[in-house]
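These notes are about the structure you will find just below.
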Amino acid sequence: MRRSLLPILFFFCPLIALGQYSWTESFFPTGADSLILLSREFIVPESESLVLDSTIHLRRDDDYVVNYRYGEILLGSSVVNNTLRDGRPHRLDVFYQSYPMKLKRHYSLQRLDVRTDSAGKKEQVIVPSGPAFSVDDFFGDELQKSGSIFRGFSVGSNRDVSLNSGFRMQLAGKLSQDVDLVAALTDENSPIQPEGTTQTLQEVDKVFVELRHPTFGATLGDFNVAVRESQGGEFARVFRKLQGAQGQARSSGIFGSQWSGEVTVTGAAARGKYHTMTFQGREGNQGPYRLAGQNGERAIIIIAGTERVYLDGETMARGEILDYTIDYAAAEVTFMSRRLITNASRIIVDFEYTDRNYERNYAAATVQAGLLNEKIRINALVIQESDDPDAPVDVTLDDRARSILAQSGDDRFKASQSGVAFAGADSATGAGRGQYVRRDTTIGGKPYALFHYAPGDPNAFYTVRFSFVDQMPADSAGYVRIGLGQFVFAGVGRGNYLPIQFIPIPRLARVVDLNAAAQISQSLSVSGEYAVSQNDQNRLSAIDRHQSGQAVKLTARYREQEVAIGSAKLGELDASFSERYVDRKFVSLDRANEVEFGRKWNFDALPVGDEEIREASLLYRPTQAISVSAAYGSLERIGSFYATRTQGEAGLSDSSIAEIHYTIEDIKSTDDFLGRRSSWLRQRGKAERDIG
């Protein structure tokens, strides 16, 4: 998609208006002087205030007129005749604001100059007029500027002459005393993904303008949005790469009270959609490991810089000399030798990807408020992500396809068309013009039409397009791929390909979240969160529309940094309790659980159901070097799964002795869905000491 520079440059107009300076100047006019020349030009209209002799406020148009462009004030005759000509000295204070521009009154390449020669004769000569127009004239000299521009042409024996041009500029610095500007502008079209082999990505196609001020901020172009737990709680955390606009407004001391607040509004096109994959490593295989979309799609592109890779619960760092590299175009992750992969390695990858089906929109509004000097914090968020069914990208959405989607509801297999097309026979030879031969048969008393790959066969009258499915329906005739364009029948309910073509379904997801935290006393704090989600799996169908779910979490924490009985100091005490309820229809936009949530509660996959979690913990630290803690928790998928978890931990951190840590966990679970019970005892210990 080609992005023009003009909308970005147009954004600078309000930036200049925001970058205003305030000035105060004093003059001592007399009755013979009615024109006041200010030291600055480009005065902000109606920002001036004139005070005569510290008491008389002059009125605009009645007592004076202003030329805002050139910074000139003309005093009226009533002020000059009645006040300034009384023989006494007078002082005039002028308060005003001006734009940070230093434009000259005239610009020219050459000017006419009068010179006198040695004989005293005067002559007129044309000389260069001096420095030309500079960006500093417009934005001031406190901006750091860099960039490049090129022009060229291409010519060849099999092509016409074409002109090439490119422009890129970076700006950073102060637009005024309180306004900072960071911008990267370009008119180039560079859809090239950066290589995922370094820790820092150099994205050459990133175009943005960012404006920062103590009370406001704005970003236009390409930017990242990160709603962390401190703002979005546990159910509305979001990390996205966007292309659009975001604005913030913040204030403190609202209505003269101890309130503070901040409002953020975002409207943008999402670069991709979020997905997470969990898989086991293969013994001795460092990769590449292929990533897939939400429905097992292989033809996806990972959005650069959006991946979060975890190995055995530990966050990995990208880079050839670090933990892993990633090929964004091929959607493949490869681990470096410093992280050996075995069949016991647990790999989790969170990422954003694009499948080029529909334009994807992102809209959000967040409000943060602090009360009583931040003792109470309240956050409210509304976030929505949606596919635009009226803006397909690589999808042909005709009336027939829309009708199929309208009748399919949330069933992906109903939202499909047959991949079989009759190619007919060659008129000259009579041989089939397709690649597949159709054979009708009966399996288990049910008729099936099976297709056999046989290009060149006289009966090869069909061309067949197959689609990958991550879970084969039990009554479908499945196929496996054995070569490029070659598929063979695998059996009923087997294989991972079907002779159908899926129609991409436009979806919508929305989360409304309200969370608050209060510091009741110096030691006691409480917090609560309530979230509601709406999940529309098919925006073009009225069947099974807008499945709503809700989630609630309550937490209380007591932390006493210095427990004392009388004059005896007993150390530090930290106790907490939390309860969380998530109903079966709640869907978060990003990761809401811990990375190794399943390992923590001893399950591979949970059946669908309402979920309730209770956890309590206690930490006692008699000294800074010694700590002892205990925790207990329970998880229940109502009617199907129940687990309890008990944990104990002890630690010693003393550089003069050693550093010792020991943890023991006991997890017991009952899975009524699978009809099994399990008990898992985990222990982990570490001891180390520096020598020398």
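Labeling convention for the structure tokens: chains A, B, ... as they appear, residues from 1 per chain, ligands from 1 in order of appearance.
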Residues of stretch 430-505 of chain A that approach stretch 350-359 of chain A to 10 Å or less, counting only C-alpha atoms: could you list each one with the shortest pair of atoms and its distance in Å to one decimal, rows by chain and increasing residue number, as JSON lines?
{"residue": "A:Ile503", "atom": "CA", "partner": "A:Asn357", "partner_atom": "CA", "distance": 9.4}
{"residue": "A:Pro504", "atom": "CA", "partner": "A:Asn357", "partner_atom": "CA", "distance": 6.6}
{"residue": "A:Ile505", "atom": "CA", "partner": "A:Asn357", "partner_atom": "CA", "distance": 8.7}
Problem - Spatial neighbours of A:Gly571, 9 Å, only C-alpha atoms, chain gap at least 6 places, as a PyMOL selection string - result: chain A and resi 560-564+620-624
Write a file of the just-selected residues containing all heavy atoms, as a compact mmCIF listing (two decimals), in the first residue's frame.
# COMPACT_ATOMS: atom_id res chain seq x y z
N GLU A 560 3.35 -5.53 55.47
CA GLU A 560 3.92 -4.79 56.59
C GLU A 560 5.44 -4.92 56.50
O GLU A 560 6.00 -6.00 56.69
CB GLU A 560 3.42 -5.35 57.91
CG GLU A 560 3.81 -4.51 59.12
CD GLU A 560 3.13 -3.15 59.12
OE1 GLU A 560 1.89 -3.09 59.03
OE2 GLU A 560 3.87 -2.14 59.19
N GLN A 561 6.11 -3.83 56.17
CA GLN A 561 7.55 -3.89 55.97
C GLN A 561 8.33 -4.01 57.27
O GLN A 561 9.49 -4.43 57.26
CB GLN A 561 8.03 -2.66 55.19
CG GLN A 561 7.49 -2.61 53.77
CD GLN A 561 8.06 -1.45 52.99
OE1 GLN A 561 8.54 -0.48 53.56
NE2 GLN A 561 7.98 -1.53 51.68
N GLU A 562 7.70 -3.65 58.36
CA GLU A 562 8.40 -3.74 59.64
C GLU A 562 7.41 -4.18 60.71
O GLU A 562 6.74 -3.36 61.33
CB GLU A 562 9.03 -2.40 60.00
CG GLU A 562 10.05 -2.48 61.12
CD GLU A 562 11.30 -3.29 60.73
OE1 GLU A 562 11.96 -2.94 59.75
OE2 GLU A 562 11.56 -4.30 61.41
N VAL A 563 7.29 -5.50 60.90
CA VAL A 563 6.42 -6.04 61.94
C VAL A 563 7.13 -5.90 63.29
O VAL A 563 8.29 -6.30 63.43
CB VAL A 563 6.08 -7.51 61.67
CG1 VAL A 563 5.20 -8.07 62.78
CG2 VAL A 563 5.40 -7.65 60.31
N ALA A 564 6.42 -5.33 64.25
CA ALA A 564 7.04 -5.11 65.56
C ALA A 564 6.04 -5.40 66.67
O ALA A 564 4.84 -5.13 66.55
CB ALA A 564 7.55 -3.67 65.67
N TYR A 620 7.13 -14.42 54.63
CA TYR A 620 7.71 -13.87 55.86
C TYR A 620 9.22 -13.76 55.65
O TYR A 620 9.87 -14.72 55.23
CB TYR A 620 7.41 -14.76 57.06
CG TYR A 620 8.07 -14.30 58.33
CD1 TYR A 620 7.82 -13.04 58.86
CD2 TYR A 620 8.97 -15.12 59.01
CE1 TYR A 620 8.43 -12.60 60.02
CE2 TYR A 620 9.59 -14.69 60.17
CZ TYR A 620 9.31 -13.43 60.67
OH TYR A 620 9.94 -13.00 61.82
N ARG A 621 9.75 -12.57 55.93
CA ARG A 621 11.17 -12.32 55.79
C ARG A 621 11.70 -11.74 57.11
O ARG A 621 11.58 -10.54 57.37
CB ARG A 621 11.42 -11.35 54.64
CG ARG A 621 12.89 -11.10 54.35
CD ARG A 621 13.11 -10.21 53.13
NE ARG A 621 12.88 -10.91 51.88
CZ ARG A 621 11.91 -10.64 51.02
NH1 ARG A 621 11.04 -9.67 51.30
NH2 ARG A 621 11.77 -11.31 49.91
N PRO A 622 12.25 -12.60 57.99
CA PRO A 622 12.74 -12.10 59.28
C PRO A 622 13.91 -11.14 59.12
O PRO A 622 14.07 -10.21 59.90
CB PRO A 622 13.15 -13.37 60.02
CG PRO A 622 13.35 -14.40 58.95
CD PRO A 622 12.41 -14.06 57.86
N THR A 623 14.75 -11.40 58.12
CA THR A 623 15.84 -10.48 57.77
C THR A 623 15.85 -10.34 56.25
O THR A 623 15.18 -11.08 55.53
CB THR A 623 17.21 -11.02 58.25
OG1 THR A 623 17.53 -12.21 57.51
CG2 THR A 623 17.19 -11.33 59.74
N GLN A 624 16.67 -9.42 55.77
CA GLN A 624 16.74 -9.23 54.34
C GLN A 624 17.35 -10.43 53.63
O GLN A 624 17.14 -10.63 52.44
CB GLN A 624 17.56 -7.97 54.02
CG GLN A 624 16.87 -6.67 54.38
CD GLN A 624 15.60 -6.47 53.58
OE1 GLN A 624 15.54 -6.78 52.40
NE2 GLN A 624 14.56 -5.97 54.24
Practice task
List the neighbours of A:Asp390 out to 12 Å using only C-alpha atoms; skip same-chain residues closer than 4 positions along the sequence, and give me the result as a count of residues only.
Solution key: 14
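Counting only C-alpha atoms, the residue from A:Ile613, A:Ala304, A:Ala32, A:Leu508 that sits nearest to A:Tyr642 is A:Ile613.
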With 10 Å as the cut-off and only C-alpha atoms counted, what is the closest atom pair between each nearby residue of stretch 526-605 of chain A and stretch 230-252 of chain A? Distances in Å to one decimal, ordered by chain and number, as JSON lines.
{"residue": "A:Ser527", "atom": "CA", "partner": "A:Gly233", "partner_atom": "CA", "distance": 9.8}
{"residue": "A:Gly528", "atom": "CA", "partner": "A:Gly233", "partner_atom": "CA", "distance": 8.9}
{"residue": "A:Glu529", "atom": "CA", "partner": "A:Gly233", "partner_atom": "CA", "distance": 6.9}
{"residue": "A:Tyr530", "atom": "CA", "partner": "A:Phe235", "partner_atom": "CA", "distance": 8.5}
{"residue": "A:Ala531", "atom": "CA", "partner": "A:Phe235", "partner_atom": "CA", "distance": 6.7}
{"residue": "A:Val532", "atom": "CA", "partner": "A:Phe235", "partner_atom": "CA", "distance": 9.1}
{"residue": "A:Ser533", "atom": "CA", "partner": "A:Phe235", "partner_atom": "CA", "distance": 9.4}
{"residue": "A:Gln550", "atom": "CA", "partner": "A:Phe235", "partner_atom": "CA", "distance": 9.8}
{"residue": "A:Ala551", "atom": "CA", "partner": "A:Phe235", "partner_atom": "CA", "distance": 7.7}
{"residue": "A:Val552", "atom": "CA", "partner": "A:Phe235", "partner_atom": "CA", "distance": 9.0}
{"residue": "A:Lys553", "atom": "CA", "partner": "A:Glu234", "partner_atom": "CA", "distance": 8.4}
{"residue": "A:Val582", "atom": "CA", "partner": "A:Phe235", "partner_atom": "CA", "distance": 9.7}
{"residue": "A:Phe586", "atom": "CA", "partner": "A:Phe235", "partner_atom": "CA", "distance": 9.5}
{"residue": "A:Val587", "atom": "CA", "partner": "A:Phe235", "partner_atom": "CA", "distance": 8.8}
{"residue": "A:Ser588", "atom": "CA", "partner": "A:Phe235", "partner_atom": "CA", "distance": 6.0}
{"residue": "A:Leu589", "atom": "CA", "partner": "A:Val238", "partner_atom": "CA", "distance": 6.6}
{"residue": "A:Asp590", "atom": "CA", "partner": "A:Val238", "partner_atom": "CA", "distance": 5.5}
{"residue": "A:Arg591", "atom": "CA", "partner": "A:Arg237", "partner_atom": "CA", "distance": 7.2}
{"residue": "A:Ala592", "atom": "CA", "partner": "A:Phe235", "partner_atom": "CA", "distance": 5.4}
{"residue": "A:Asn593", "atom": "CA", "partner": "A:Glu234", "partner_atom": "CA", "distance": 7.9}
Same residues, all heavy atoms, saved as a compact mmCIF listing (two decimals), in the first residue's frame:
# COMPACT_ATOMS: atom_id res chain seq x y z
N SER A 527 -7.89 -4.29 45.13
CA SER A 527 -8.12 -3.98 43.73
C SER A 527 -9.21 -4.88 43.20
O SER A 527 -9.46 -5.98 43.72
CB SER A 527 -6.83 -4.17 42.91
OG SER A 527 -6.40 -5.51 42.94
N GLY A 528 -9.88 -4.40 42.16
CA GLY A 528 -10.94 -5.16 41.54
C GLY A 528 -11.01 -4.88 40.05
O GLY A 528 -10.60 -3.80 39.59
N GLU A 529 -11.51 -5.85 39.29
CA GLU A 529 -11.61 -5.70 37.84
C GLU A 529 -12.86 -6.43 37.34
O GLU A 529 -13.16 -7.54 37.78
CB GLU A 529 -10.37 -6.26 37.16
CG GLU A 529 -10.39 -6.14 35.65
CD GLU A 529 -9.13 -6.67 35.00
OE1 GLU A 529 -8.29 -7.26 35.72
OE2 GLU A 529 -8.99 -6.53 33.76
N TYR A 530 -13.55 -5.77 36.42
CA TYR A 530 -14.72 -6.37 35.78
C TYR A 530 -14.62 -6.10 34.28
O TYR A 530 -14.38 -4.96 33.85
CB TYR A 530 -16.01 -5.78 36.33
CG TYR A 530 -17.25 -6.31 35.64
CD1 TYR A 530 -17.71 -7.59 35.88
CD2 TYR A 530 -17.95 -5.51 34.73
CE1 TYR A 530 -18.84 -8.09 35.25
CE2 TYR A 530 -19.09 -5.99 34.10
CZ TYR A 530 -19.52 -7.28 34.36
OH TYR A 530 -20.63 -7.78 33.72
N ALA A 531 -14.76 -7.16 33.49
CA ALA A 531 -14.62 -7.04 32.04
C ALA A 531 -15.75 -7.77 31.35
O ALA A 531 -16.23 -8.80 31.82
CB ALA A 531 -13.28 -7.59 31.57
N VAL A 532 -16.19 -7.22 30.21
CA VAL A 532 -17.21 -7.83 29.37
C VAL A 532 -16.66 -7.89 27.95
O VAL A 532 -16.07 -6.93 27.46
CB VAL A 532 -18.52 -7.02 29.39
CG1 VAL A 532 -19.54 -7.63 28.45
CG2 VAL A 532 -19.09 -6.95 30.80
N SER A 533 -16.83 -9.05 27.31
CA SER A 533 -16.37 -9.19 25.93
C SER A 533 -17.55 -9.51 25.03
O SER A 533 -18.52 -10.15 25.45
CB SER A 533 -15.33 -10.31 25.81
OG SER A 533 -15.92 -11.58 25.97
N GLN A 550 -18.21 -12.52 30.44
CA GLN A 550 -17.75 -11.60 31.46
C GLN A 550 -16.68 -12.26 32.33
O GLN A 550 -16.57 -13.48 32.39
CB GLN A 550 -18.90 -11.12 32.33
CG GLN A 550 -19.65 -12.23 33.05
CD GLN A 550 -20.82 -11.72 33.84
OE1 GLN A 550 -20.97 -10.52 34.05
NE2 GLN A 550 -21.67 -12.63 34.30
N ALA A 551 -15.88 -11.41 32.97
CA ALA A 551 -14.81 -11.88 33.84
C ALA A 551 -14.66 -10.91 35.01
O ALA A 551 -14.83 -9.70 34.85
CB ALA A 551 -13.49 -11.99 33.08
N VAL A 552 -14.36 -11.46 36.18
CA VAL A 552 -14.24 -10.67 37.41
C VAL A 552 -13.01 -11.13 38.18
O VAL A 552 -12.71 -12.33 38.23
CB VAL A 552 -15.49 -10.81 38.31
CG1 VAL A 552 -15.36 -9.94 39.55
CG2 VAL A 552 -16.75 -10.46 37.54
N LYS A 553 -12.30 -10.18 38.78
CA LYS A 553 -11.18 -10.53 39.64
C LYS A 553 -11.12 -9.56 40.81
O LYS A 553 -11.24 -8.34 40.64
CB LYS A 553 -9.85 -10.49 38.89
CG LYS A 553 -8.67 -10.93 39.76
CD LYS A 553 -7.37 -10.97 39.00
CE LYS A 553 -6.24 -11.46 39.91
NZ LYS A 553 -4.93 -11.49 39.21
N VAL A 582 -14.10 -16.40 35.31
CA VAL A 582 -14.19 -16.15 33.88
C VAL A 582 -15.23 -17.11 33.30
O VAL A 582 -15.07 -18.33 33.43
CB VAL A 582 -12.84 -16.36 33.17
CG1 VAL A 582 -12.96 -16.08 31.68
CG2 VAL A 582 -11.75 -15.49 33.79
N PHE A 586 -16.24 -15.68 27.56
CA PHE A 586 -15.36 -14.51 27.58
C PHE A 586 -14.13 -14.77 26.71
O PHE A 586 -13.50 -15.83 26.78
CB PHE A 586 -14.92 -14.18 29.01
CG PHE A 586 -14.03 -12.97 29.08
CD1 PHE A 586 -14.57 -11.70 29.12
CD2 PHE A 586 -12.64 -13.11 29.11
CE1 PHE A 586 -13.75 -10.59 29.18
CE2 PHE A 586 -11.83 -12.01 29.17
CZ PHE A 586 -12.38 -10.74 29.21
N VAL A 587 -13.80 -13.79 25.87
CA VAL A 587 -12.64 -13.88 24.97
C VAL A 587 -11.82 -12.61 25.12
O VAL A 587 -12.33 -11.50 24.92
CB VAL A 587 -13.08 -14.05 23.50
CG1 VAL A 587 -11.86 -14.10 22.59
CG2 VAL A 587 -13.91 -15.31 23.34
N SER A 588 -10.55 -12.74 25.51
CA SER A 588 -9.67 -11.59 25.62
C SER A 588 -8.99 -11.33 24.28
O SER A 588 -8.88 -12.22 23.43
CB SER A 588 -8.61 -11.83 26.71
OG SER A 588 -7.81 -12.95 26.38
N LEU A 589 -8.52 -10.10 24.08
CA LEU A 589 -7.89 -9.73 22.82
C LEU A 589 -6.43 -10.15 22.76
O LEU A 589 -5.85 -10.22 21.68
CB LEU A 589 -7.99 -8.22 22.61
CG LEU A 589 -9.40 -7.65 22.54
CD1 LEU A 589 -9.35 -6.14 22.37
CD2 LEU A 589 -10.18 -8.27 21.39
N ASP A 590 -5.84 -10.42 23.91
CA ASP A 590 -4.43 -10.79 23.97
C ASP A 590 -4.29 -11.83 25.07
O ASP A 590 -5.28 -12.35 25.58
CB ASP A 590 -3.55 -9.55 24.25
CG ASP A 590 -2.19 -9.64 23.60
OD1 ASP A 590 -1.45 -10.58 23.94
OD2 ASP A 590 -1.86 -8.77 22.78
N ARG A 591 -3.06 -12.12 25.45
CA ARG A 591 -2.83 -13.12 26.50
C ARG A 591 -3.34 -12.61 27.84
O ARG A 591 -2.92 -11.55 28.31
CB ARG A 591 -1.34 -13.46 26.58
CG ARG A 591 -0.99 -14.38 27.75
CD ARG A 591 0.45 -14.77 27.72
NE ARG A 591 0.75 -15.61 26.57
CZ ARG A 591 0.51 -16.90 26.50
NH1 ARG A 591 -0.07 -17.52 27.52
NH2 ARG A 591 0.82 -17.57 25.42
N ALA A 592 -4.23 -13.39 28.46
CA ALA A 592 -4.76 -13.03 29.78
C ALA A 592 -4.18 -13.90 30.88
O ALA A 592 -4.19 -13.50 32.05
CB ALA A 592 -6.28 -13.13 29.79
N ASN A 593 -3.70 -15.10 30.55
CA ASN A 593 -3.14 -16.01 31.54
C ASN A 593 -1.62 -15.98 31.52
O ASN A 593 -1.00 -15.43 30.60
CB ASN A 593 -3.63 -17.44 31.28
CG ASN A 593 -5.12 -17.59 31.49
OD1 ASN A 593 -5.70 -16.98 32.37
ND2 ASN A 593 -5.75 -18.41 30.66
Completion exercise
atom CA of A:Leu38 to atom CA of A:Asp180 measures 26.4 Å
Handout entry: Who sits within 12 Å of A:Lys600, only C-alpha atoms, same chain under 3 positions skipped, as JSON, numbers by chain
Key = {"A": [312, 313, 593, 594, 595, 596, 597, 603, 604, 633, 634, 635, 643, 644, 645, 646, 647, 665, 666, 667, 668, 669, 680, 681, 682]}
Take the residues that were just selected and, keeping N, CA and C atoms, output them as a JSON list (two decimals), in the first residue's frame.
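What landed in again-v7.json:
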[["chain", "number", "residue", "atom", "x", "y", "z"],
["A", 312, "ASP", "N", 10.26, -23.06, 27.80],
["A", 312, "ASP", "CA", 10.13, -23.57, 29.16],
["A", 312, "ASP", "C", 9.76, -22.46, 30.13],
["A", 313, "GLY", "N", 8.90, -21.56, 29.68],
["A", 313, "GLY", "CA", 8.41, -20.47, 30.52],
["A", 313, "GLY", "C", 9.31, -19.26, 30.59],
["A", 593, "ASN", "N", -3.70, -15.10, 30.55],
["A", 593, "ASN", "CA", -3.14, -16.01, 31.54],
["A", 593, "ASN", "C", -1.62, -15.98, 31.52],
["A", 594, "GLU", "N", -1.03, -16.62, 32.54],
["A", 594, "GLU", "CA", 0.41, -16.76, 32.56],
["A", 594, "GLU", "C", 0.87, -17.61, 31.38],
["A", 595, "VAL", "N", 2.17, -17.49, 31.05],
["A", 595, "VAL", "CA", 2.70, -18.20, 29.90],
["A", 595, "VAL", "C", 2.53, -19.70, 30.08],
["A", 596, "GLU", "N", 2.89, -20.24, 31.23],
["A", 596, "GLU", "CA", 2.77, -21.67, 31.48],
["A", 596, "GLU", "C", 1.59, -21.94, 32.41],
["A", 597, "PHE", "N", 0.44, -21.41, 32.05],
["A", 597, "PHE", "CA", -0.76, -21.58, 32.85],
["A", 597, "PHE", "C", -1.15, -23.06, 32.97],
["A", 603, "PHE", "N", -2.52, -29.39, 33.34],
["A", 603, "PHE", "CA", -3.44, -29.84, 32.30],
["A", 603, "PHE", "C", -2.84, -29.50, 30.94],
["A", 604, "ASP", "N", -3.23, -30.27, 29.93],
["A", 604, "ASP", "CA", -2.82, -30.01, 28.56],
["A", 604, "ASP", "C", -3.85, -29.15, 27.84],
["A", 633, "GLY", "N", -3.70, -22.66, 46.14],
["A", 633, "GLY", "CA", -4.65, -22.21, 45.13],
["A", 633, "GLY", "C", -5.50, -23.34, 44.62],
["A", 634, "SER", "N", -6.62, -22.98, 44.03],
["A", 634, "SER", "CA", -7.52, -23.97, 43.43],
["A", 634, "SER", "C", -8.06, -23.42, 42.12],
["A", 635, "LEU", "N", -8.20, -24.31, 41.14],
["A", 635, "LEU", "CA", -8.79, -23.97, 39.85],
["A", 635, "LEU", "C", -9.91, -24.95, 39.56],
["A", 643, "ALA", "N", -8.52, -28.67, 40.25],
["A", 643, "ALA", "CA", -7.12, -28.84, 40.64],
["A", 643, "ALA", "C", -6.81, -27.97, 41.85],
["A", 644, "THR", "N", -5.93, -28.49, 42.72],
["A", 644, "THR", "CA", -5.42, -27.72, 43.86],
["A", 644, "THR", "C", -3.90, -27.68, 43.76],
["A", 645, "ARG", "N", -3.35, -26.61, 44.25],
["A", 645, "ARG", "CA", -1.90, -26.41, 44.14],
["A", 645, "ARG", "C", -1.37, -25.84, 45.45],
["A", 646, "THR", "N", -0.37, -26.51, 46.03],
["A", 646, "THR", "CA", 0.28, -26.07, 47.26],
["A", 646, "THR", "C", 1.76, -25.87, 46.97],
["A", 647, "GLN", "N", 2.29, -24.75, 47.42],
["A", 647, "GLN", "CA", 3.69, -24.43, 47.14],
["A", 647, "GLN", "C", 4.37, -23.89, 48.39],
["A", 665, "GLU", "N", 6.39, -27.95, 45.01],
["A", 665, "GLU", "CA", 5.01, -27.77, 44.59],
["A", 665, "GLU", "C", 4.31, -29.12, 44.57],
["A", 666, "ASP", "N", 3.09, -29.14, 45.04],
["A", 666, "ASP", "CA", 2.27, -30.34, 45.01],
["A", 666, "ASP", "C", 0.96, -29.98, 44.31],
["A", 667, "ILE", "N", 0.69, -30.62, 43.15],
["A", 667, "ILE", "CA", -0.49, -30.32, 42.35],
["A", 667, "ILE", "C", -1.32, -31.58, 42.22],
["A", 668, "LYS", "N", -2.57, -31.49, 42.58],
["A", 668, "LYS", "CA", -3.51, -32.61, 42.45],
["A", 668, "LYS", "C", -4.68, -32.14, 41.59],
["A", 669, "SER", "N", -5.04, -32.98, 40.60],
["A", 669, "SER", "CA", -6.10, -32.59, 39.68],
["A", 669, "SER", "C", -7.02, -33.76, 39.39],
["A", 680, "TRP", "N", 1.12, -34.49, 41.09],
["A", 680, "TRP", "CA", 2.44, -34.12, 40.59],
["A", 680, "TRP", "C", 3.19, -33.36, 41.68],
["A", 681, "LEU", "N", 4.34, -33.89, 42.04],
["A", 681, "LEU", "CA", 5.20, -33.24, 43.03],
["A", 681, "LEU", "C", 6.44, -32.72, 42.32],
["A", 682, "ARG", "N", 6.63, -31.41, 42.36],
["A", 682, "ARG", "CA", 7.78, -30.79, 41.70],
["A", 682, "ARG", "C", 8.67, -30.15, 42.75]]
Practice task
To one decimal in Å, tell me the separation between atom CA of A:Met336 and atom CA of A:Val309.
Solution key: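 Taking atom CA of A:Met336 as the start and atom CA of A:Val309 as the end point, the length is 12.8 Å.
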